[in-house]
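Asks: One file is attached below, structure26.cif, containing mmCIF, C-alpha atoms.
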```
data_run
loop_
_atom_site.label_atom_id
_atom_site.label_comp_id
_atom_site.auth_asym_id
_atom_site.auth_seq_id
_atom_site.Cartn_x
_atom_site.Cartn_y
_atom_site.Cartn_z
CA MET M 1 -10.65 -13.74 13.96
CA ARG M 2 -8.12 -11.45 12.34
CA ASP M 3 -5.22 -12.94 14.27
CA PHE M 4 -6.30 -16.41 13.26
CA PHE M 5 -6.64 -15.38 9.65
CA LYS M 6 -3.21 -13.81 9.39
CA ALA M 7 -1.61 -16.72 11.22
CA PHE M 8 -3.37 -19.11 8.85
CA ALA M 9 -2.20 -17.09 5.86
CA MET M 10 1.38 -17.16 7.15
CA VAL M 11 1.35 -20.95 7.45
CA ALA M 12 -0.20 -21.27 4.01
CA LEU M 13 2.41 -19.03 2.45
CA MET M 14 5.30 -20.87 4.04
CA ALA M 15 3.87 -24.19 3.00
CA ALA M 16 2.96 -23.21 -0.57
CA ILE M 17 4.48 -20.31 -0.79
CA CYS M 18 21.02 19.74 10.17
CA GLY M 19 18.61 22.30 9.97
CA PHE M 20 14.90 22.37 10.09
CA ARG M 21 13.13 20.10 7.73
CA PRO M 22 10.76 21.52 5.09
CA ALA M 23 7.78 20.37 7.15
CA GLU M 24 8.73 22.94 9.80
CA ALA M 25 8.90 25.89 7.41
CA GLY M 26 5.24 26.82 7.21
CA ALA M 27 1.71 25.63 6.74
CA ALA M 28 2.00 25.39 2.97
CA SER M 29 4.95 23.01 3.21
CA LYS M 30 3.90 20.88 6.15
CA HIS M 31 4.03 17.15 5.66
CA TYR M 32 1.80 14.59 7.34
CA VAL M 33 1.28 10.87 7.73
CA VAL M 34 -2.28 9.52 7.80
CA THR M 35 -3.06 6.03 9.10
CA ASN M 36 -6.12 3.85 8.69
CA ASP M 37 -6.10 2.30 12.16
CA ASP M 38 -8.42 -0.52 11.07
CA VAL M 39 -9.92 -0.86 14.53
CA SER M 40 -12.14 -3.81 15.29
CA GLY M 41 -15.32 -1.88 16.05
CA PRO M 42 -15.54 1.90 15.61
CA ASN M 43 -12.73 2.68 13.20
CA THR M 44 -10.39 5.68 13.28
CA VAL M 45 -7.94 7.57 11.10
CA THR M 46 -4.96 9.21 12.81
CA VAL M 47 -2.98 12.20 11.52
CA TYR M 48 0.70 12.83 12.35
CA LEU M 49 2.81 15.92 11.60
CA ALA M 50 6.30 15.35 10.22
CA GLY M 51 9.08 17.34 11.80
CA GLY M 52 12.45 17.04 13.48
CA THR M 53 15.77 17.72 11.77
CA ALA M 54 17.33 16.39 8.60
CA SER M 55 19.41 13.99 10.67
CA ALA M 56 16.58 12.94 12.98
CA PRO M 57 13.14 13.09 11.36
CA LYS M 58 10.19 12.52 13.63
CA LEU M 59 6.38 12.36 13.75
CA THR M 60 4.00 14.02 16.21
CA ARG M 61 0.42 12.83 16.59
CA VAL M 62 -2.02 15.66 15.79
CA LYS M 63 -5.54 14.23 15.84
CA THR M 64 -7.64 11.11 15.57
CA ILE M 65 -10.82 11.04 13.51
CA LYS M 66 -13.66 8.55 13.95
CA THR M 67 -14.63 7.30 10.51
CA GLY M 68 -18.23 6.46 11.40
CA GLY M 69 -17.74 2.87 10.27
CA ALA M 70 -16.19 -0.29 11.65
CA GLY M 71 -12.73 -1.63 10.98
CA LEU M 72 -11.84 -5.24 10.45
CA THR M 73 -8.25 -5.68 11.69
CA GLY M 74 -8.01 -8.19 8.91
CA GLY M 75 -6.62 -8.76 5.47
CA TYR M 76 -3.42 -9.11 3.60
CA PHE M 77 -0.47 -6.71 3.58
CA GLY M 78 -0.97 -5.72 -0.05
CA LEU M 79 -4.50 -4.41 0.45
CA VAL M 80 -4.65 -0.63 0.02
CA ARG M 81 -6.82 0.38 2.96
CA GLN M 82 -6.78 4.13 2.29
CA VAL M 83 -6.21 6.61 -0.54
CA LEU M 84 -5.80 10.41 -0.61
CA VAL M 85 -7.37 12.34 -3.48
CA GLN M 86 -7.03 16.01 -4.38
CA ASP M 87 -10.34 17.90 -4.34
CA GLY M 88 -9.78 21.47 -5.42
CA LYS M 89 -7.70 23.12 -2.71
CA ASP M 90 -8.37 20.33 -0.24
CA GLU M 91 -7.61 16.67 0.08
CA CYS M 92 -10.03 13.80 0.53
CA VAL M 93 -9.17 10.83 2.70
CA PHE M 94 -11.03 7.71 1.62
CA ALA M 95 -10.62 5.02 4.27
CA ALA M 96 -11.80 1.43 3.97
CA ASP M 97 -14.10 0.34 6.80
CA GLY M 98 -13.73 -3.38 6.24
CA GLY M 99 -15.98 -4.37 9.13
CA SER M 100 -18.98 -2.35 7.93
CA ASN M 101 -18.42 -2.75 4.17
CA ASP M 102 -18.17 0.98 3.51
CA VAL M 103 -15.76 3.70 2.44
CA ALA M 104 -15.46 6.64 4.85
CA ALA M 105 -15.01 9.96 3.05
CA ILE M 106 -13.15 12.58 5.13
CA ILE M 107 -12.14 16.16 4.33
CA PHE M 108 -8.50 16.27 5.41
CA SER M 109 -8.27 19.93 6.53
CA SER M 110 -11.32 19.86 8.80
CA GLY M 111 -11.46 16.19 9.71
CA LYS M 112 -15.14 16.18 8.78
CA VAL M 113 -16.61 12.83 7.76
CA VAL M 114 -18.74 13.52 4.70
CA GLY M 115 -20.31 10.09 4.60
CA ASN M 116 -19.92 6.32 4.69
CA TYR M 117 -20.52 4.92 1.24
CA LYS M 118 -21.45 1.38 0.29
CA GLY M 119 -21.62 -0.47 -2.98
CA SER M 120 -24.41 -2.81 -3.96
CA SER M 121 -26.33 -4.94 -1.48
CA THR M 122 -24.19 -7.94 -2.44
CA ASP M 123 -20.79 -6.30 -1.91
CA SER M 124 -19.34 -7.72 1.30
CA ASN M 125 -16.10 -8.46 3.11
CA GLY M 126 -14.81 -11.52 4.86
CA PRO M 127 -11.68 -11.73 6.99
CA GLY M 128 -9.67 -11.06 3.84
CA GLY M 129 -10.32 -7.33 4.07
CA MET M 130 -11.20 -4.51 1.72
CA GLY M 131 -8.92 -2.76 -0.77
CA LEU M 132 -9.06 0.57 -2.62
CA ALA M 133 -7.63 2.20 -5.72
CA VAL M 134 -8.21 5.56 -7.41
CA SER M 135 -8.05 6.47 -11.07
CA SER M 136 -5.14 8.67 -12.07
CA ASP M 137 -7.51 11.52 -13.00
CA ASP M 138 -9.04 11.37 -9.48
CA LYS M 139 -12.53 10.87 -10.91
CA TYR M 140 -13.22 7.30 -9.79
CA LEU M 141 -12.65 5.23 -6.67
CA TYR M 142 -12.54 1.45 -6.81
CA ALA M 143 -13.32 -0.71 -3.78
CA ALA M 144 -12.65 -4.46 -3.75
CA PHE M 145 -14.69 -6.72 -1.48
CA SER M 146 -13.10 -9.98 -0.36
CA ALA M 147 -16.20 -12.06 0.40
CA SER M 148 -18.24 -11.19 -2.69
CA ASN M 149 -15.21 -11.13 -5.03
CA THR M 150 -16.38 -7.84 -6.52
CA ILE M 151 -14.94 -4.45 -7.39
CA ALA M 152 -17.31 -1.50 -6.91
CA THR M 153 -16.92 1.75 -8.80
CA PHE M 154 -17.70 5.13 -7.21
CA ARG M 155 -17.67 8.51 -8.93
CA ILE M 156 -15.80 11.11 -6.85
CA GLY M 157 -17.76 14.35 -6.53
CA SER M 158 -17.08 17.77 -5.06
CA GLY M 159 -16.68 17.97 -1.32
CA CYS M 160 -15.26 14.43 -1.21
CA THR M 161 -18.64 12.83 -1.91
CA LEU M 162 -19.00 9.44 -3.59
CA THR M 163 -21.69 8.06 -5.89
CA PHE M 164 -21.89 4.31 -6.41
CA LEU M 165 -22.11 3.35 -10.08
CA ASP M 166 -21.77 -0.42 -10.45
CA ASP M 167 -19.77 -3.46 -9.45
CA VAL M 168 -18.08 -6.23 -11.41
CA GLY M 169 -16.94 -9.74 -10.53
CA ALA M 170 -13.23 -10.24 -9.92
CA VAL M 171 -11.96 -13.74 -9.18
CA GLY M 172 -8.44 -15.12 -9.60
CA LEU M 173 -7.53 -18.32 -11.41
CA ASN M 174 -7.23 -20.12 -8.09
CA GLN M 175 -10.38 -18.49 -6.69
CA GLY M 176 -8.54 -15.62 -5.01
CA PHE M 177 -10.10 -12.23 -4.38
CA PRO M 178 -8.56 -8.84 -5.25
CA HIS M 179 -5.63 -8.02 -2.98
CA GLY M 180 -3.45 -5.16 -4.20
CA MET M 181 -4.86 -2.84 -6.87
CA ALA M 182 -3.43 0.15 -8.72
CA ALA M 183 -4.74 2.27 -11.58
CA LYS M 184 -2.98 4.33 -14.22
CA GLY M 185 -4.54 5.82 -17.33
CA ASN M 186 -7.00 3.32 -18.75
CA ILE M 187 -5.84 0.27 -16.79
CA LEU M 188 -6.62 -1.12 -13.34
CA VAL M 189 -4.14 -3.82 -12.32
CA VAL M 190 -5.13 -6.44 -9.76
CA ALA M 191 -3.19 -9.06 -7.79
CA TYR M 192 -5.43 -11.85 -6.51
CA GLY M 193 -3.19 -13.33 -3.82
CA ASP M 194 -3.60 -16.81 -5.28
CA GLY M 195 -0.75 -16.70 -7.78
CA SER M 196 -2.73 -14.92 -10.46
CA ILE M 197 -2.85 -11.36 -11.77
CA GLY M 198 -5.17 -9.56 -14.18
CA SER M 199 -6.30 -6.17 -15.38
CA PHE M 200 -9.35 -4.15 -16.37
CA ASN M 201 -9.96 -1.36 -18.86
CA ILE M 202 -11.31 1.69 -16.99
CA SER M 203 -11.53 4.16 -19.86
CA SER M 204 -15.26 4.52 -19.20
CA GLY M 205 -14.94 4.48 -15.41
CA THR M 206 -16.43 1.07 -14.67
CA PRO M 207 -13.88 -1.76 -15.07
CA VAL M 208 -14.15 -4.09 -18.06
CA SER M 209 -11.94 -7.17 -18.05
CA ASN M 210 -8.96 -7.15 -20.40
CA ASN M 211 -9.15 -10.96 -20.48
CA ASP M 212 -5.51 -11.22 -19.45
CA LEU M 213 -5.95 -13.19 -16.23
CA GLN M 214 -2.80 -15.27 -15.81
CA LEU M 215 -0.53 -17.02 -13.35
CA SER M 216 2.58 -15.01 -12.58
CA THR M 217 6.06 -16.24 -13.46
CA GLY M 218 7.02 -16.13 -9.78
CA PHE M 219 4.10 -18.34 -8.87
CA LEU M 220 4.92 -20.87 -11.59
CA LYS M 221 8.61 -21.01 -10.69
CA ASP M 222 8.79 -20.27 -6.96
CA ARG M 223 5.21 -20.57 -5.71
CA VAL M 224 5.05 -16.95 -4.56
CA PHE M 225 1.80 -14.98 -4.55
CA PRO M 226 1.60 -11.46 -6.07
CA ASP M 227 0.00 -9.30 -3.37
CA GLY M 228 0.91 -5.59 -3.59
CA VAL M 229 0.90 -3.50 -6.79
CA ASP M 230 2.56 -0.28 -7.95
CA ILE M 231 2.65 1.26 -11.44
CA THR M 232 5.25 3.53 -13.01
CA LYS M 233 4.43 7.17 -13.68
CA ASP M 234 4.12 6.66 -17.43
CA GLY M 235 2.01 3.53 -17.04
CA HIS M 236 4.58 1.36 -18.81
CA TYR M 237 5.24 -1.16 -16.04
CA ALA M 238 3.27 -2.80 -13.26
CA ILE M 239 5.30 -4.00 -10.29
CA PHE M 240 4.08 -6.75 -8.00
CA GLY M 241 5.29 -7.42 -4.45
CA ASP M 242 5.16 -11.13 -3.75
CA ALA M 243 4.12 -12.93 -0.60
CA SER M 244 6.54 -15.68 0.35
CA GLY M 245 7.75 -17.34 3.51
CA GLY M 246 11.52 -17.50 3.17
CA PHE M 247 12.81 -14.98 0.63
CA SER M 248 12.12 -11.71 -1.21
CA GLU M 249 10.74 -11.65 -4.74
CA VAL M 250 9.30 -8.89 -6.96
CA GLU M 251 7.79 -9.18 -10.44
CA VAL M 252 7.43 -6.70 -13.29
CA SER M 253 4.97 -6.75 -16.21
CA ASP M 254 5.02 -4.53 -19.28
CA ILE M 255 1.53 -3.00 -19.54
CA SER M 256 2.25 -0.52 -22.35
CA SER M 257 -0.13 -2.42 -24.63
CA GLY M 258 -2.98 -1.84 -22.19
CA LYS M 259 -2.81 -5.40 -20.91
CA LEU M 260 -0.54 -7.48 -18.70
CA VAL M 261 2.14 -9.62 -20.27
CA ALA M 262 4.06 -12.42 -18.55
CA THR M 263 5.96 -11.07 -15.57
CA LYS M 264 9.72 -11.09 -15.14
CA LYS M 265 10.77 -12.05 -11.65
CA TYR M 266 13.56 -10.58 -9.54
CA GLY M 267 14.90 -12.06 -6.36
CA GLY M 268 13.76 -15.42 -5.12
CA PRO M 269 15.36 -18.27 -3.19
CA GLY M 270 18.85 -17.27 -4.36
CA GLY M 271 18.65 -13.94 -2.55
CA SER M 272 19.49 -11.69 -5.51
CA LEU M 273 17.20 -8.98 -4.06
CA GLY M 274 18.76 -9.29 -0.63
CA HIS M 275 17.92 -11.47 2.31
CA GLY M 276 14.73 -9.86 3.55
CA LEU M 277 11.75 -12.11 4.10
CA ALA M 278 8.58 -11.51 2.06
CA ALA M 279 8.01 -8.55 -0.25
CA ASN M 280 4.26 -7.96 -0.23
CA ASN M 281 4.48 -4.15 -0.15
CA VAL M 282 6.37 -2.24 -2.85
CA TRP M 283 6.63 1.53 -3.42
CA LEU M 284 8.50 3.46 -6.12
CA SER M 285 10.51 6.55 -5.18
CA PRO M 286 9.19 9.81 -6.71
CA ASP M 287 12.03 9.82 -9.28
CA GLU M 288 11.51 6.09 -9.93
CA THR M 289 15.18 5.26 -9.38
CA LEU M 290 14.51 3.10 -6.33
CA LEU M 291 11.87 0.54 -5.52
CA TYR M 292 11.28 0.24 -1.78
CA VAL M 293 10.30 -3.17 -0.49
CA SER M 294 8.79 -3.80 2.92
CA ASP M 295 10.33 -7.06 4.13
CA ASN M 296 7.18 -7.99 6.01
CA LEU M 297 8.44 -10.96 7.99
CA SER M 298 11.99 -9.82 8.81
CA GLY M 299 11.02 -6.24 9.68
CA GLN M 300 13.47 -4.64 7.28
CA VAL M 301 13.29 -2.36 4.24
CA THR M 302 15.05 -3.10 0.97
CA ALA M 303 15.82 -0.60 -1.78
CA ALA M 304 16.30 -1.98 -5.29
CA HIS M 305 17.64 0.09 -8.17
CA PHE M 306 14.96 0.41 -10.84
CA SER M 307 15.21 1.36 -14.50
CA LYS M 308 12.02 3.12 -15.53
CA THR M 309 12.95 2.76 -19.19
CA ALA M 310 13.75 -0.96 -19.17
CA GLY M 311 11.65 -2.04 -16.21
CA THR M 312 14.57 -3.90 -14.64
CA LEU M 313 15.63 -4.24 -11.01
CA HIS M 314 18.79 -5.04 -9.10
CA PHE M 315 19.62 -5.03 -5.40
CA GLY M 316 20.67 -1.75 -3.83
CA CYS M 317 20.70 -1.84 -0.03
CA ILE M 318 18.82 -3.18 2.96
CA SER M 319 18.19 -1.79 6.43
CA LYS M 320 18.79 -3.54 9.70
CA PRO M 321 15.65 -4.96 11.31
CA LEU M 322 13.73 -1.89 12.39
CA ARG M 323 13.68 -1.05 16.09
CA GLY M 324 11.17 -3.05 18.09
CA HIS M 325 10.67 -5.81 15.56
CA GLY M 326 9.78 -9.02 17.36
CA THR M 327 9.32 -7.24 20.69
CA LYS M 328 7.00 -4.26 20.13
CA TRP M 329 5.60 -5.23 16.75
CA THR M 330 5.53 -8.23 14.44
CA PHE M 331 5.09 -7.36 10.75
CA SER M 332 6.12 -4.41 8.61
CA SER M 333 3.66 -3.40 5.91
CA ALA M 334 2.92 -0.32 3.77
CA ILE M 335 5.64 2.19 2.87
CA ALA M 336 5.21 5.85 1.90
CA THR M 337 7.78 8.51 1.01
CA GLU M 338 7.84 11.93 2.66
CA SER M 339 9.38 14.06 -0.08
CA THR M 340 7.55 14.35 -3.39
CA THR M 341 10.82 14.52 -5.35
CA GLY M 342 14.00 12.49 -5.69
CA THR M 343 14.31 9.35 -3.63
CA GLY M 344 11.62 10.50 -1.20
CA SER M 345 14.29 11.20 1.47
CA VAL M 346 12.38 9.59 4.34
CA LEU M 347 10.28 6.44 4.45
CA TRP M 348 7.27 5.97 6.71
CA VAL M 349 6.71 2.28 7.45
CA ALA M 350 3.57 0.74 8.95
CA GLU M 351 4.44 -1.68 11.77
CA ASP M 352 1.72 -4.13 12.72
CA SER M 353 1.80 -5.31 16.33
CA PHE M 354 -0.52 -8.21 15.50
CA GLY M 355 -3.02 -7.20 18.18
CA SER M 356 -0.75 -7.59 21.21
CA SER M 357 0.08 -3.91 21.82
CA PRO M 358 -0.18 -0.53 20.07
CA SER M 359 1.21 -0.54 16.55
CA TYR M 360 4.00 1.75 15.37
CA ILE M 361 5.30 3.81 12.47
CA GLY M 362 8.92 3.28 11.50
CA ILE M 363 11.02 6.20 10.19
CA VAL M 364 13.85 5.37 7.76
CA GLU M 365 16.25 7.85 6.15
CA VAL M 366 17.36 7.27 2.55
CA THR M 367 20.77 8.23 1.19
CA ALA M 368 21.59 7.58 -2.47
CA LYS M 369 24.65 8.70 -4.41
CA GLY M 370 26.77 7.31 -7.19
CA GLY M 371 24.64 4.25 -7.68
CA LYS M 372 24.85 3.28 -4.04
CA CYS M 373 22.32 3.67 -1.24
CA THR M 374 21.89 3.31 2.50
CA LEU M 375 18.79 2.95 4.64
CA SER M 376 19.17 4.13 8.24
CA GLU M 377 16.51 4.26 10.92
CA SER M 378 15.89 7.62 12.56
CA THR M 379 16.75 8.01 16.25
CA LYS M 380 13.12 9.17 16.67
CA SER M 381 11.75 5.86 15.37
CA PRO M 382 9.42 4.14 15.96
CA VAL M 383 6.40 6.31 16.79
CA ALA M 384 3.48 4.64 18.55
CA ASP M 385 0.02 4.57 17.04
CA PRO M 386 -2.04 3.92 20.20
CA ASN M 387 -5.25 3.80 18.17
CA SER M 388 -4.24 0.71 16.21
CA LEU M 389 -3.36 -2.81 17.24
CA ASN M 390 -2.95 -3.91 13.63
CA LEU M 391 -1.55 -1.06 11.56
CA CYS M 392 -1.09 -2.18 7.97
CA TRP M 393 -1.65 0.98 5.94
CA LEU M 394 -0.58 4.62 5.93
CA ASN M 395 -0.31 7.47 3.43
CA ALA M 396 1.91 10.54 3.17
CA PHE M 397 0.50 14.02 2.56
CA PRO M 398 1.33 15.61 0.21
CA GLY M 399 1.49 12.39 -1.74
CA ARG M 400 3.85 11.13 -4.40
CA PRO M 401 2.91 12.93 -7.65
CA PHE M 402 1.85 9.78 -9.51
#
```
Could you rewrite the structure in this file as structure tokens?
Replies:
Amino acid sequence: MRDFFKAFAMVALMAAICGFRPAEAGAASKHYVVTNDDVSGPNTVTVYLAGGTASAPKLTRVKTIKTGGAGLTGGYFGLVRQVLVQDGKDECVFAADGGSNDVAAIIFSSGKVVGNYKGSSTDSNGPGGMGLAVSSDDKYLYAAFSASNTIATFRIGSGCTLTFLDDVGAVGLNQGFPHGMAAKGNILVVAYGDGSIGSFNISSGTPVSNNDLQLSTGFLKDRVFPDGVDITKDGHYAIFGDASGGFSEVEVSDISSGKLVATKKYGGPGGSLGHGLAANNVWLSPDETLLYVSDNLSGQVTAAHFSKTAGTLHFGCISKPLRGHGTKWTFSSAIATESTTGTGSVLWVAEDSFGSSPSYIGIVEVTAKGGKCTLSESTKSPVADPNSLNLCWLNAFPGRPF
């Protein structure tokens, strides 16, 4: 079902649309990658330890944790299938179990599953998948359900527990369901995957519509579909990664007023953001000087120079197609940065094998100096994720500090 769904979505889009690394230095500075394997049936989360040298970063699989729920192997690239939240001295892993309509809560250090939490009796998923977001104060978790077109709110308690509070309806202008979501301060920004975007006020925890639902500029001009979402550290700009068949396009909205305004588009058919194909997943570097774009269909990564004061973008550099694209795996998806400062130094890239073989994690080194950048794949890349046939989401630990 998942393969059919993604294939259908693809057609629809094209038609309409030297030394040791810090991770080796000691326990306090170890870095990890955590994947939501999104297994059809009993779902798992897999943890990898980052290591290697500065010139050849690598990942080593450490453990696999059964979530207690069922995955879906479905959904769009922009869906956030997992978030990491600080809980005192520990970290909580909240993983979406799209097949069983629940959120698995896991204590990172022990791998203990605290529980599998559901929303209301009407919250449900279809083949579209299930997406998550977390408030910037780490007090609330938001879960979007693709069949019921709802967003459930959970209060995050001690020990990584969740308490369901309420759910609200969330439907796009063209009847889309929430795809990518991101929260910052009092705003939750949503891309509906149907050409429309909107936002909610979350000052009281539960989302209240800002009544700013609108069609994006990219949709109106180029028939692209905002899918993934990221927000700047100061909450001034929301950045949307657009789904498209034959080019790369990203949109930016000024949200400093507490609402979305009309987006400004970058890239498009003219190739001004490079010649990667599709830009569903976007991720800002820790210093916000670069926006990383996962070129989902061409298996590349693009870095665009970003001005956090003006909210503008221009092309920086693009990688070669990552190793194994088209032979071992089919689509690239989520990106995370290893370092919590600067450009992030190393990119972890989810590589979806589309169900034909184990999925992979790509490892890309970032070099930036004097307004120029390069993206080079590590000799230790890719790393197999044998627990996933459809890897679309991963997180870095420790995470980016915003």
Asks: List the neighbours of range 362-365 of chain M out to 7 Å using all atoms listed in the file; skip same-chain residues closer than 2 positions along the sequence, and give me the result as a PyMOL selection string.
Replies: chain M and resi 345-351+360+367+375-378+381-383
Asks: Counting all atoms listed in the file, select every polymer residue within 10 Å of (16.3, -11.4, -1.4) as defined in the file's coordinates, and provide the selection as an MDAnalysis selection string.
Replies: chainID M and resid 246:250 266:279 295 302 315 318
Asks: Write out the residues from the selection above, keeping C-alpha atoms, as a short mmCIF file (atom, residue, chain, number, x, y, z; two decimals), in the coordinates of the input.
Replies:
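The file below, selection00.cif, is the result:
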```
data_model
loop_
_atom_site.label_atom_id
_atom_site.label_comp_id
_atom_site.auth_asym_id
_atom_site.auth_seq_id
_atom_site.Cartn_x
_atom_site.Cartn_y
_atom_site.Cartn_z
CA GLY M 246 11.52 -17.50 3.17
CA PHE M 247 12.81 -14.98 0.63
CA SER M 248 12.12 -11.71 -1.21
CA GLU M 249 10.74 -11.65 -4.74
CA VAL M 250 9.30 -8.89 -6.96
CA TYR M 266 13.56 -10.58 -9.54
CA GLY M 267 14.90 -12.06 -6.36
CA GLY M 268 13.76 -15.42 -5.12
CA PRO M 269 15.36 -18.27 -3.19
CA GLY M 270 18.85 -17.27 -4.36
CA GLY M 271 18.65 -13.94 -2.55
CA SER M 272 19.49 -11.69 -5.51
CA LEU M 273 17.20 -8.98 -4.06
CA GLY M 274 18.76 -9.29 -0.63
CA HIS M 275 17.92 -11.47 2.31
CA GLY M 276 14.73 -9.86 3.55
CA LEU M 277 11.75 -12.11 4.10
CA ALA M 278 8.58 -11.51 2.06
CA ALA M 279 8.01 -8.55 -0.25
CA ASP M 295 10.33 -7.06 4.13
CA THR M 302 15.05 -3.10 0.97
CA PHE M 315 19.62 -5.03 -5.40
CA ILE M 318 18.82 -3.18 2.96
#
```
Asks: For Ala144 in chain M, please output as a list of chain:residue names all residues within 6 Å (counting only C-alpha atoms; exclusion window: fewer than 5 positions along the same chain).
Replies: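 With the cut-off at 6 Å, the set is M:Met130, M:Gly131, M:Thr150, M:Ile151.
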Asks: Take the selection from the previous step and output its residues with C-alpha atoms, as an mmCIF file, keeping the file's coordinate frame.
Replies:
```cif
data_model
loop_
_atom_site.group_PDB
_atom_site.id
_atom_site.type_symbol
_atom_site.label_atom_id
_atom_site.label_comp_id
_atom_site.auth_asym_id
_atom_site.auth_seq_id
_atom_site.Cartn_x
_atom_site.Cartn_y
_atom_site.Cartn_z
ATOM 1 C CA MET M 130 -11.200 -4.510 1.720
ATOM 2 C CA GLY M 131 -8.920 -2.760 -0.770
ATOM 3 C CA THR M 150 -16.380 -7.840 -6.520
ATOM 4 C CA ILE M 151 -14.940 -4.450 -7.390
#
```
Asks: Kindly assemble as JSON lines a list of the range 141-205 of chain M residues that lie within 7 Å of range 80-104 of chain M, each paired with its nearest atom pair and their distance in Å to one decimal, using all atoms listed in the file, sorted first by chain and then by ascending residue number.
Replies:
```
{"residue": "M:Ser158", "atom": "CA", "partner": "M:Asp87", "partner_atom": "CA", "distance": 6.8}
{"residue": "M:Cys160", "atom": "CA", "partner": "M:Cys92", "partner_atom": "CA", "distance": 5.5}
{"residue": "M:Gly180", "atom": "CA", "partner": "M:Val80", "partner_atom": "CA", "distance": 6.3}
```
Asks: Restricting the calculation to all atoms listed in the file, which member of M:Gly370, M:Gly78, M:Gly68, M:Pro207 is positioned closest to Gly241 in chain M?
Replies: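 Closest to Gly241 in chain M of all the choices is M:Gly78.
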Asks: So that I can see what lies close to Ser204 in chain M, please list as a VMD selection string the residues with an atom at most 12 Å from it, counting all atoms listed in the file and leaving out residues fewer than 2 positions away in the same chain.
Replies: chain M and resid 135 139 to 140 153 155 165 to 166 185 to 188 200 to 202 206 to 208
